[in-house]
file data.cif (mmCIF, N, CA, C and O atoms)
data_work
loop_
_atom_site.label_atom_id
_atom_site.label_comp_id
_atom_site.auth_asym_id
_atom_site.auth_seq_id
_atom_site.Cartn_x
_atom_site.Cartn_y
_atom_site.Cartn_z
N MET A 2 111.37 81.46 84.80
CA MET A 2 110.68 82.73 84.96
C MET A 2 111.69 83.86 84.70
O MET A 2 112.81 83.82 85.21
N PRO A 3 111.30 84.87 83.91
CA PRO A 3 112.22 85.97 83.63
C PRO A 3 112.57 86.73 84.91
O PRO A 3 111.75 86.84 85.81
N LYS A 4 113.78 87.23 84.95
CA LYS A 4 114.19 88.07 86.06
C LYS A 4 114.72 89.38 85.51
O LYS A 4 115.54 89.39 84.60
N VAL A 5 114.21 90.46 86.07
CA VAL A 5 114.58 91.81 85.64
C VAL A 5 114.97 92.61 86.87
O VAL A 5 114.34 92.49 87.92
N GLN A 6 116.00 93.40 86.72
CA GLN A 6 116.40 94.33 87.77
C GLN A 6 116.14 95.74 87.25
O GLN A 6 116.47 96.05 86.11
N MET A 7 115.54 96.56 88.09
CA MET A 7 115.39 97.97 87.77
C MET A 7 116.37 98.72 88.66
O MET A 7 116.30 98.63 89.88
N LEU A 8 117.31 99.42 88.04
CA LEU A 8 118.28 100.20 88.77
C LEU A 8 117.86 101.66 88.72
O LEU A 8 117.62 102.19 87.63
N VAL A 9 117.74 102.26 89.89
CA VAL A 9 117.35 103.66 89.99
C VAL A 9 118.51 104.43 90.61
O VAL A 9 118.82 104.24 91.79
N TYR A 10 119.16 105.24 89.81
CA TYR A 10 120.25 106.09 90.27
C TYR A 10 119.63 107.42 90.65
O TYR A 10 118.83 107.97 89.89
N SER A 11 119.99 107.96 91.82
CA SER A 11 119.34 109.20 92.24
C SER A 11 120.23 110.04 93.13
O SER A 11 121.24 109.59 93.66
N ASN A 12 119.81 111.28 93.26
CA ASN A 12 120.41 112.24 94.18
C ASN A 12 119.30 112.94 94.92
O ASN A 12 118.18 113.05 94.43
N ALA A 13 119.64 113.45 96.09
CA ALA A 13 118.71 114.29 96.84
C ALA A 13 118.83 115.72 96.33
O ALA A 13 119.86 116.12 95.78
N VAL A 14 117.78 116.49 96.54
CA VAL A 14 117.86 117.92 96.32
C VAL A 14 118.95 118.44 97.28
O VAL A 14 119.07 117.94 98.41
N ASP A 15 119.73 119.40 96.85
CA ASP A 15 120.81 119.94 97.68
C ASP A 15 120.32 120.27 99.09
O ASP A 15 119.30 120.96 99.25
N GLY A 16 121.04 119.76 100.08
CA GLY A 16 120.73 120.03 101.47
C GLY A 16 119.60 119.21 102.07
O GLY A 16 119.23 119.40 103.21
N LYS A 17 119.05 118.25 101.29
CA LYS A 17 117.91 117.48 101.77
C LYS A 17 118.20 115.98 101.84
O LYS A 17 117.29 115.17 101.76
N ASP A 18 119.46 115.59 102.04
CA ASP A 18 119.80 114.17 102.06
C ASP A 18 119.06 113.41 103.18
O ASP A 18 118.55 112.32 102.94
N ASP A 19 119.00 113.97 104.37
CA ASP A 19 118.31 113.28 105.47
C ASP A 19 116.83 113.09 105.15
O ASP A 19 116.29 112.00 105.34
N GLU A 20 116.19 114.14 104.67
CA GLU A 20 114.77 114.05 104.30
C GLU A 20 114.57 113.05 103.17
O GLU A 20 113.64 112.24 103.18
N PHE A 21 115.45 113.09 102.18
CA PHE A 21 115.39 112.18 101.04
C PHE A 21 115.49 110.73 101.49
O PHE A 21 114.68 109.89 101.09
N ASN A 22 116.48 110.43 102.32
CA ASN A 22 116.66 109.05 102.78
C ASN A 22 115.49 108.58 103.64
O ASN A 22 115.06 107.43 103.52
N ARG A 23 114.97 109.44 104.46
CA ARG A 23 113.79 109.08 105.27
C ARG A 23 112.60 108.78 104.35
O ARG A 23 111.92 107.78 104.50
N TRP A 24 112.33 109.68 103.39
CA TRP A 24 111.22 109.47 102.45
C TRP A 24 111.44 108.18 101.66
O TRP A 24 110.52 107.36 101.54
N TYR A 25 112.65 107.98 101.13
CA TYR A 25 112.90 106.80 100.30
C TYR A 25 112.72 105.52 101.10
O TYR A 25 112.06 104.58 100.67
N ASN A 26 113.30 105.48 102.30
CA ASN A 26 113.26 104.28 103.13
C ASN A 26 111.88 104.01 103.73
O ASN A 26 111.46 102.86 103.81
N GLU A 27 111.20 105.05 104.16
CA GLU A 27 109.94 104.87 104.89
C GLU A 27 108.69 104.95 104.02
O GLU A 27 107.64 104.46 104.42
N VAL A 28 108.79 105.56 102.86
CA VAL A 28 107.61 105.74 102.00
C VAL A 28 107.80 105.06 100.64
O VAL A 28 107.02 104.18 100.25
N HIS A 29 108.82 105.47 99.93
CA HIS A 29 108.93 105.11 98.52
C HIS A 29 109.21 103.63 98.25
O HIS A 29 108.59 103.04 97.36
N LEU A 30 110.14 103.04 99.00
CA LEU A 30 110.43 101.62 98.75
C LEU A 30 109.18 100.77 98.84
O LEU A 30 108.91 99.95 97.96
N SER A 31 108.41 100.94 99.90
CA SER A 31 107.21 100.10 100.06
C SER A 31 106.15 100.44 99.02
O SER A 31 105.43 99.55 98.57
N GLU A 32 106.04 101.71 98.62
CA GLU A 32 105.10 102.07 97.55
C GLU A 32 105.43 101.35 96.26
O GLU A 32 104.54 100.82 95.60
N VAL A 33 106.69 101.35 95.89
CA VAL A 33 107.08 100.69 94.63
C VAL A 33 106.77 99.20 94.71
O VAL A 33 106.22 98.62 93.77
N ILE A 34 107.07 98.57 95.84
CA ILE A 34 106.78 97.14 96.00
C ILE A 34 105.28 96.88 95.93
O ILE A 34 104.83 95.92 95.30
N GLN A 35 104.49 97.72 96.56
CA GLN A 35 103.03 97.52 96.60
C GLN A 35 102.35 97.84 95.27
O GLN A 35 101.37 97.19 94.90
N LEU A 36 102.85 98.83 94.54
CA LEU A 36 102.14 99.33 93.36
C LEU A 36 102.66 98.80 92.03
O LEU A 36 102.05 99.04 90.99
N THR A 37 103.80 98.10 92.04
CA THR A 37 104.36 97.57 90.79
C THR A 37 104.50 96.06 90.92
O THR A 37 104.12 95.47 91.92
N GLU A 38 105.10 95.46 89.92
CA GLU A 38 105.37 94.03 89.93
C GLU A 38 106.68 93.68 90.66
O GLU A 38 107.10 92.53 90.66
N ALA A 39 107.33 94.66 91.27
CA ALA A 39 108.58 94.40 92.00
C ALA A 39 108.32 93.48 93.18
O ALA A 39 107.29 93.59 93.85
N VAL A 40 109.27 92.58 93.44
CA VAL A 40 109.13 91.63 94.55
C VAL A 40 110.10 91.93 95.69
O VAL A 40 109.94 91.41 96.80
N ALA A 41 111.12 92.77 95.45
CA ALA A 41 112.09 93.10 96.49
C ALA A 41 112.86 94.35 96.06
O ALA A 41 112.89 94.70 94.88
N ALA A 42 113.49 94.98 97.05
CA ALA A 42 114.29 96.17 96.75
C ALA A 42 115.39 96.33 97.80
O ALA A 42 115.22 95.94 98.95
N THR A 43 116.49 96.94 97.36
CA THR A 43 117.60 97.25 98.25
C THR A 43 118.17 98.60 97.83
O THR A 43 118.26 98.88 96.63
N ARG A 44 118.55 99.42 98.81
CA ARG A 44 119.16 100.72 98.52
C ARG A 44 120.63 100.72 98.90
O ARG A 44 121.05 100.04 99.81
N TYR A 45 121.38 101.57 98.19
CA TYR A 45 122.82 101.71 98.41
C TYR A 45 123.21 103.18 98.37
O TYR A 45 122.58 103.97 97.68
N ARG A 46 124.26 103.52 99.11
CA ARG A 46 124.87 104.85 99.06
C ARG A 46 126.26 104.67 98.45
O ARG A 46 126.97 103.71 98.77
N LEU A 47 126.67 105.60 97.62
CA LEU A 47 127.96 105.54 96.97
C LEU A 47 129.09 105.50 97.99
O LEU A 47 129.12 106.30 98.93
N SER A 48 129.98 104.57 97.83
CA SER A 48 131.14 104.41 98.71
C SER A 48 132.21 105.45 98.37
O SER A 48 132.26 105.97 97.26
N ASP A 49 133.09 105.72 99.32
CA ASP A 49 134.21 106.62 99.07
C ASP A 49 135.26 105.98 98.17
O ASP A 49 136.10 106.66 97.62
N TYR A 50 135.22 104.66 98.02
CA TYR A 50 136.21 103.93 97.24
C TYR A 50 135.61 103.52 95.90
O TYR A 50 134.70 102.70 95.86
N GLN A 51 136.12 104.09 94.82
CA GLN A 51 135.54 103.88 93.51
C GLN A 51 136.59 103.49 92.49
O GLN A 51 137.68 104.07 92.46
N ALA A 52 136.24 102.55 91.64
CA ALA A 52 137.11 102.17 90.52
C ALA A 52 136.73 102.93 89.26
O ALA A 52 137.49 102.96 88.30
N ALA A 53 135.53 103.52 89.25
CA ALA A 53 135.06 104.24 88.07
C ALA A 53 134.12 105.36 88.50
O ALA A 53 133.60 105.37 89.62
N ASP A 54 133.88 106.29 87.61
CA ASP A 54 132.97 107.40 87.86
C ASP A 54 131.54 106.89 87.96
O ASP A 54 131.11 106.06 87.17
N ALA A 55 130.78 107.38 88.92
CA ALA A 55 129.39 106.96 89.11
C ALA A 55 128.42 107.93 88.43
O ALA A 55 127.25 108.01 88.80
N ASP A 56 128.90 108.69 87.47
CA ASP A 56 128.08 109.65 86.71
C ASP A 56 127.38 110.67 87.61
O ASP A 56 126.32 111.17 87.28
N GLY A 57 127.96 110.94 88.78
CA GLY A 57 127.42 111.97 89.64
C GLY A 57 126.28 111.53 90.54
O GLY A 57 125.73 112.33 91.28
N TYR A 58 125.88 110.26 90.49
CA TYR A 58 124.78 109.78 91.33
C TYR A 58 125.33 109.24 92.65
O TYR A 58 126.28 108.47 92.68
N ARG A 59 124.69 109.63 93.74
CA ARG A 59 125.13 109.22 95.07
C ARG A 59 124.38 108.00 95.59
O ARG A 59 124.88 107.27 96.43
N TYR A 60 123.15 107.79 95.13
CA TYR A 60 122.32 106.71 95.64
C TYR A 60 121.90 105.76 94.52
O TYR A 60 121.75 106.17 93.37
N LEU A 61 121.68 104.51 94.91
CA LEU A 61 121.23 103.49 93.98
C LEU A 61 120.19 102.63 94.69
O LEU A 61 120.39 102.21 95.82
N ALA A 62 119.08 102.39 94.02
CA ALA A 62 118.08 101.43 94.50
C ALA A 62 117.97 100.35 93.43
O ALA A 62 117.91 100.67 92.23
N ILE A 63 117.99 99.10 93.86
CA ILE A 63 117.83 97.99 92.94
C ILE A 63 116.54 97.27 93.29
O ILE A 63 116.38 96.78 94.41
N TYR A 64 115.63 97.24 92.32
CA TYR A 64 114.34 96.56 92.48
C TYR A 64 114.38 95.28 91.68
O TYR A 64 114.84 95.27 90.54
N GLU A 65 113.89 94.21 92.27
CA GLU A 65 113.88 92.91 91.62
C GLU A 65 112.47 92.57 91.14
O GLU A 65 111.51 92.75 91.88
N PHE A 66 112.39 92.10 89.91
CA PHE A 66 111.13 91.68 89.31
C PHE A 66 111.27 90.25 88.84
O PHE A 66 112.34 89.85 88.37
N GLU A 67 110.21 89.49 88.92
CA GLU A 67 110.20 88.13 88.39
C GLU A 67 109.22 88.02 87.23
O GLU A 67 108.57 87.00 87.03
N VAL A 68 109.13 89.10 86.48
CA VAL A 68 108.34 89.18 85.25
C VAL A 68 109.26 89.72 84.17
O VAL A 68 110.38 90.14 84.45
N GLY A 69 108.79 89.74 82.95
CA GLY A 69 109.59 90.28 81.86
C GLY A 69 109.75 91.78 81.96
O GLY A 69 109.06 92.47 82.72
N ALA A 70 110.69 92.32 81.18
CA ALA A 70 111.00 93.74 81.23
C ALA A 70 109.80 94.61 80.87
O ALA A 70 109.57 95.64 81.49
N LYS A 71 109.02 94.20 79.87
CA LYS A 71 107.85 95.00 79.48
C LYS A 71 106.84 95.06 80.61
O LYS A 71 106.32 96.13 80.92
N ALA A 72 106.57 93.94 81.26
CA ALA A 72 105.62 93.93 82.38
C ALA A 72 106.15 94.76 83.55
O ALA A 72 105.39 95.48 84.20
N ALA A 73 107.45 94.70 83.80
CA ALA A 73 108.04 95.50 84.88
C ALA A 73 107.91 96.98 84.55
O ALA A 73 107.47 97.78 85.39
N PHE A 74 108.28 97.36 83.33
CA PHE A 74 108.18 98.76 82.90
C PHE A 74 106.73 99.24 82.94
O PHE A 74 106.44 100.31 83.46
N ASP A 75 105.82 98.45 82.38
CA ASP A 75 104.40 98.84 82.35
C ASP A 75 103.84 99.02 83.76
O ASP A 75 103.07 99.95 84.01
N SER A 76 104.25 98.15 84.69
CA SER A 76 103.74 98.28 86.06
C SER A 76 104.27 99.55 86.71
O SER A 76 103.55 100.22 87.47
N LEU A 77 105.50 99.94 86.41
CA LEU A 77 106.05 101.19 86.94
C LEU A 77 105.30 102.38 86.37
O LEU A 77 104.91 103.29 87.11
N MET A 78 105.07 102.37 85.05
CA MET A 78 104.37 103.50 84.42
C MET A 78 102.94 103.64 84.96
O MET A 78 102.48 104.75 85.22
N ALA A 79 102.26 102.52 85.18
CA ALA A 79 100.90 102.56 85.70
C ALA A 79 100.85 103.07 87.14
O ALA A 79 99.85 103.67 87.56
N ALA A 80 101.91 102.85 87.90
CA ALA A 80 101.92 103.21 89.32
C ALA A 80 102.43 104.62 89.58
O ALA A 80 102.16 105.19 90.64
N THR A 81 103.15 105.20 88.64
CA THR A 81 103.85 106.46 88.88
C THR A 81 102.93 107.56 89.41
O THR A 81 103.28 108.26 90.37
N GLU A 82 101.77 107.74 88.83
CA GLU A 82 100.87 108.81 89.27
C GLU A 82 100.30 108.58 90.66
O GLU A 82 99.84 109.52 91.31
N LYS A 83 100.33 107.34 91.14
CA LYS A 83 99.79 107.01 92.47
C LYS A 83 100.82 107.19 93.57
O LYS A 83 100.48 107.14 94.75
N MET A 84 102.07 107.40 93.22
CA MET A 84 103.14 107.45 94.22
C MET A 84 103.33 108.85 94.80
O MET A 84 103.19 109.85 94.10
N ASP A 85 103.69 108.89 96.07
CA ASP A 85 104.10 110.13 96.75
C ASP A 85 105.56 110.34 96.42
O ASP A 85 106.43 109.62 96.91
N MET A 86 105.86 111.31 95.57
CA MET A 86 107.23 111.51 95.13
C MET A 86 108.00 112.49 96.02
O MET A 86 109.16 112.78 95.76
N GLY A 87 107.38 112.98 97.07
CA GLY A 87 108.07 113.85 98.01
C GLY A 87 108.59 115.11 97.33
O GLY A 87 108.30 115.39 96.18
N ASP A 88 109.41 115.87 98.07
CA ASP A 88 110.00 117.07 97.48
C ASP A 88 111.52 117.11 97.68
O ASP A 88 112.13 118.15 97.53
N SER A 89 112.10 115.96 98.01
CA SER A 89 113.54 115.91 98.23
C SER A 89 114.28 115.11 97.16
O SER A 89 115.50 115.04 97.18
N LEU A 90 113.54 114.52 96.21
CA LEU A 90 114.14 113.74 95.13
C LEU A 90 114.70 114.67 94.08
O LEU A 90 113.98 115.50 93.53
N GLY A 91 116.00 114.52 93.82
CA GLY A 91 116.66 115.33 92.80
C GLY A 91 116.76 114.56 91.50
O GLY A 91 115.85 113.82 91.11
N ASP A 92 117.88 114.70 90.84
CA ASP A 92 118.14 114.06 89.56
C ASP A 92 118.05 112.54 89.69
O ASP A 92 118.56 111.95 90.64
N THR A 93 117.39 111.90 88.73
CA THR A 93 117.16 110.45 88.77
C THR A 93 117.32 109.85 87.38
O THR A 93 116.95 110.48 86.39
N LYS A 94 117.85 108.63 87.34
CA LYS A 94 117.95 107.88 86.09
C LYS A 94 117.51 106.46 86.39
O LYS A 94 117.93 105.86 87.38
N ILE A 95 116.65 105.89 85.54
CA ILE A 95 116.12 104.54 85.73
C ILE A 95 116.51 103.69 84.53
O ILE A 95 116.38 104.11 83.38
N ALA A 96 116.96 102.46 84.83
CA ALA A 96 117.32 101.52 83.77
C ALA A 96 116.87 100.12 84.16
O ALA A 96 116.99 99.74 85.32
N PHE A 97 116.34 99.38 83.18
CA PHE A 97 115.93 97.99 83.40
C PHE A 97 116.97 97.07 82.77
O PHE A 97 117.43 97.32 81.65
N TYR A 98 117.32 96.00 83.50
CA TYR A 98 118.29 95.03 83.01
C TYR A 98 117.69 93.64 83.07
O TYR A 98 117.11 93.25 84.09
N ASN A 99 117.84 92.87 81.99
CA ASN A 99 117.40 91.48 81.95
C ASN A 99 118.52 90.59 82.46
O ASN A 99 119.69 90.76 82.07
N GLU A 100 118.19 89.63 83.29
CA GLU A 100 119.18 88.67 83.78
C GLU A 100 119.64 87.79 82.62
O GLU A 100 118.83 87.29 81.86
N ILE A 101 120.96 87.60 82.52
CA ILE A 101 121.49 86.75 81.46
C ILE A 101 122.30 85.57 81.99
O ILE A 101 122.70 84.70 81.21
N THR A 102 122.56 85.52 83.28
CA THR A 102 123.21 84.36 83.90
C THR A 102 122.55 84.10 85.25
O THR A 102 121.93 84.98 85.83
N ALA A 103 122.71 82.89 85.72
CA ALA A 103 122.30 82.60 87.09
C ALA A 103 123.29 83.29 88.03
O ALA A 103 124.41 83.64 87.63
N ARG A 104 122.90 83.47 89.27
CA ARG A 104 123.76 84.10 90.26
C ARG A 104 124.98 83.22 90.51
O ARG A 104 124.86 82.01 90.72
N VAL A 105 126.16 83.83 90.50
CA VAL A 105 127.41 83.13 90.77
C VAL A 105 127.84 83.52 92.17
O VAL A 105 127.87 84.70 92.51
N THR A 106 128.18 82.53 92.99
CA THR A 106 128.59 82.82 94.36
C THR A 106 130.00 82.32 94.62
O THR A 106 130.52 81.47 93.88
N SER A 107 130.57 82.79 95.67
CA SER A 107 131.91 82.37 96.09
C SER A 107 131.87 80.93 96.58
O SER A 107 130.90 80.50 97.20
N TYR A 108 132.92 80.22 96.34
CA TYR A 108 133.00 78.83 96.85
C TYR A 108 132.90 78.83 98.37
O TYR A 108 132.44 77.87 98.97
N ARG A 109 133.30 79.92 99.01
CA ARG A 109 133.22 80.01 100.48
C ARG A 109 131.78 79.93 100.96
O ARG A 109 131.51 79.48 102.05
N LEU A 110 130.85 80.43 100.13
CA LEU A 110 129.43 80.40 100.51
C LEU A 110 128.79 79.05 100.26
O LEU A 110 127.70 78.77 100.73
N GLN A 111 129.45 78.19 99.51
CA GLN A 111 128.89 76.90 99.14
C GLN A 111 129.26 75.78 100.10
O GLN A 111 128.87 74.65 99.93
N ARG A 112 130.01 76.07 101.13
CA ARG A 112 130.44 75.04 102.09
C ARG A 112 129.32 74.62 102.99
O ARG A 112 128.43 75.24 103.34
#
call {"tool": "encode", "arguments": {"input": "data.cif", "output": "structure tokens"}}
result
Amino acid sequence: MPKVQMLVYSNAVDGKDDEFNRWYNEVHLSEVIQLTEAVAATRYRLSDYQAADADGYRYLAIYEFEVGAKAAFDSLMAATEKMDMGDSLGDTKIAFYNEITARVTSYRLQR
């Protein structure tokens, strides 16, 4: 079965980080799961320790799909108008990635 990850890089509107995180965690994550072909999601905040520039984005959400990239993209496009986008979402960039290897884990996890 194809596996696709949708990476959503985002920022809050200036001064609205608390509102943004509340909306994203309590409203948006579940909307995306319910209205698209996504099967899971996880959010991240940019760490203070960086090896490379994060292009100015402070937040990252990773959505997991078990369908092909076209089906994942089409489901997002069909759902967009139905979603509550709030008023605290700032600059956003979305990218879809196709899985090309199985998950590799540490030998410590295989014991």
call {"tool": "atom_distance", "arguments": {"input": "data.cif", "atom1": "atom N of Asp56 (chain A)", "atom2": "atom N of Ala72 (chain A)"}}
result
27.5 Å
call {"tool": "atom_distance", "arguments": {"input": "data.cif", "atom1": "atom O of Asp75 (chain A)", "atom2": "atom N of Glu38 (chain A)"}}
result
7.7 Å
call {"tool": "residues_around", "arguments": {"input": "data.cif", "residues": "Tyr60 (chain A)", "least_positions_apart": "3", "cutoff": "5 Å", "atoms": "all atoms listed in the file", "output": "VMD selection string"}}
result
chain A and resid 9 to 11 45 to 47
call {"tool": "select_by_dssp", "arguments": {"input": "data.cif", "residues": "chain A", "states": "strand (DSSP E or B)", "output": "short mmCIF file (atom, residue, chain, number, x, y, z; two decimals) with N, CA, C and O atoms, keeping the file's coordinate frame"}}
result
data_model
loop_
_atom_site.label_atom_id
_atom_site.label_comp_id
_atom_site.auth_asym_id
_atom_site.auth_seq_id
_atom_site.Cartn_x
_atom_site.Cartn_y
_atom_site.Cartn_z
N VAL A 5 114.21 90.46 86.07
CA VAL A 5 114.58 91.81 85.64
C VAL A 5 114.97 92.61 86.87
O VAL A 5 114.34 92.49 87.92
N GLN A 6 116.00 93.40 86.72
CA GLN A 6 116.40 94.33 87.77
C GLN A 6 116.14 95.74 87.25
O GLN A 6 116.47 96.05 86.11
N MET A 7 115.54 96.56 88.09
CA MET A 7 115.39 97.97 87.77
C MET A 7 116.37 98.72 88.66
O MET A 7 116.30 98.63 89.88
N LEU A 8 117.31 99.42 88.04
CA LEU A 8 118.28 100.20 88.77
C LEU A 8 117.86 101.66 88.72
O LEU A 8 117.62 102.19 87.63
N VAL A 9 117.74 102.26 89.89
CA VAL A 9 117.35 103.66 89.99
C VAL A 9 118.51 104.43 90.61
O VAL A 9 118.82 104.24 91.79
N TYR A 10 119.16 105.24 89.81
CA TYR A 10 120.25 106.09 90.27
C TYR A 10 119.63 107.42 90.65
O TYR A 10 118.83 107.97 89.89
N SER A 11 119.99 107.96 91.82
CA SER A 11 119.34 109.20 92.24
C SER A 11 120.23 110.04 93.13
O SER A 11 121.24 109.59 93.66
N ASN A 12 119.81 111.28 93.26
CA ASN A 12 120.41 112.24 94.18
C ASN A 12 119.30 112.94 94.92
O ASN A 12 118.18 113.05 94.43
N ALA A 13 119.64 113.45 96.09
CA ALA A 13 118.71 114.29 96.84
C ALA A 13 118.83 115.72 96.33
O ALA A 13 119.86 116.12 95.78
N ALA A 39 107.33 94.66 91.27
CA ALA A 39 108.58 94.40 92.00
C ALA A 39 108.32 93.48 93.18
O ALA A 39 107.29 93.59 93.85
N VAL A 40 109.27 92.58 93.44
CA VAL A 40 109.13 91.63 94.55
C VAL A 40 110.10 91.93 95.69
O VAL A 40 109.94 91.41 96.80
N ALA A 41 111.12 92.77 95.45
CA ALA A 41 112.09 93.10 96.49
C ALA A 41 112.86 94.35 96.06
O ALA A 41 112.89 94.70 94.88
N ALA A 42 113.49 94.98 97.05
CA ALA A 42 114.29 96.17 96.75
C ALA A 42 115.39 96.33 97.80
O ALA A 42 115.22 95.94 98.95
N THR A 43 116.49 96.94 97.36
CA THR A 43 117.60 97.25 98.25
C THR A 43 118.17 98.60 97.83
O THR A 43 118.26 98.88 96.63
N ARG A 44 118.55 99.42 98.81
CA ARG A 44 119.16 100.72 98.52
C ARG A 44 120.63 100.72 98.90
O ARG A 44 121.05 100.04 99.81
N TYR A 45 121.38 101.57 98.19
CA TYR A 45 122.82 101.71 98.41
C TYR A 45 123.21 103.18 98.37
O TYR A 45 122.58 103.97 97.68
N ARG A 46 124.26 103.52 99.11
CA ARG A 46 124.87 104.85 99.06
C ARG A 46 126.26 104.67 98.45
O ARG A 46 126.97 103.71 98.77
N TYR A 60 123.15 107.79 95.13
CA TYR A 60 122.32 106.71 95.64
C TYR A 60 121.90 105.76 94.52
O TYR A 60 121.75 106.17 93.37
N LEU A 61 121.68 104.51 94.91
CA LEU A 61 121.23 103.49 93.98
C LEU A 61 120.19 102.63 94.69
O LEU A 61 120.39 102.21 95.82
N ALA A 62 119.08 102.39 94.02
CA ALA A 62 118.08 101.43 94.50
C ALA A 62 117.97 100.35 93.43
O ALA A 62 117.91 100.67 92.23
N ILE A 63 117.99 99.10 93.86
CA ILE A 63 117.83 97.99 92.94
C ILE A 63 116.54 97.27 93.29
O ILE A 63 116.38 96.78 94.41
N TYR A 64 115.63 97.24 92.32
CA TYR A 64 114.34 96.56 92.48
C TYR A 64 114.38 95.28 91.68
O TYR A 64 114.84 95.27 90.54
N GLU A 65 113.89 94.21 92.27
CA GLU A 65 113.88 92.91 91.62
C GLU A 65 112.47 92.57 91.14
O GLU A 65 111.51 92.75 91.88
N PHE A 66 112.39 92.10 89.91
CA PHE A 66 111.13 91.68 89.31
C PHE A 66 111.27 90.25 88.84
O PHE A 66 112.34 89.85 88.37
N LEU A 90 113.54 114.52 96.21
CA LEU A 90 114.14 113.74 95.13
C LEU A 90 114.70 114.67 94.08
O LEU A 90 113.98 115.50 93.53
N GLY A 91 116.00 114.52 93.82
CA GLY A 91 116.66 115.33 92.80
C GLY A 91 116.76 114.56 91.50
O GLY A 91 115.85 113.82 91.11
N ASP A 92 117.88 114.70 90.84
CA ASP A 92 118.14 114.06 89.56
C ASP A 92 118.05 112.54 89.69
O ASP A 92 118.56 111.95 90.64
N THR A 93 117.39 111.90 88.73
CA THR A 93 117.16 110.45 88.77
C THR A 93 117.32 109.85 87.38
O THR A 93 116.95 110.48 86.39
N LYS A 94 117.85 108.63 87.34
CA LYS A 94 117.95 107.88 86.09
C LYS A 94 117.51 106.46 86.39
O LYS A 94 117.93 105.86 87.38
N ILE A 95 116.65 105.89 85.54
CA ILE A 95 116.12 104.54 85.73
C ILE A 95 116.51 103.69 84.53
O ILE A 95 116.38 104.11 83.38
N ALA A 96 116.96 102.46 84.83
CA ALA A 96 117.32 101.52 83.77
C ALA A 96 116.87 100.12 84.16
O ALA A 96 116.99 99.74 85.32
N PHE A 97 116.34 99.38 83.18
CA PHE A 97 115.93 97.99 83.40
C PHE A 97 116.97 97.07 82.77
O PHE A 97 117.43 97.32 81.65
N TYR A 98 117.32 96.00 83.50
CA TYR A 98 118.29 95.03 83.01
C TYR A 98 117.69 93.64 83.07
O TYR A 98 117.11 93.25 84.09
N ASN A 99 117.84 92.87 81.99
CA ASN A 99 117.40 91.48 81.95
C ASN A 99 118.52 90.59 82.46
O ASN A 99 119.69 90.76 82.07
#
call {"tool": "atom_distance", "arguments": {"input": "data.cif", "atom1": "atom N of Ala41 (chain A)", "atom2": "atom O of Ile63 (chain A)"}}
result
6.7 Å
call {"tool": "closest_residue", "arguments": {"input": "data.cif", "among": "A:Ala62, A:Met84, A:Val33, A:Ala79", "to": "Ala96 (chain A)", "atoms": "all atoms listed in the file"}}
result
A:Ala62
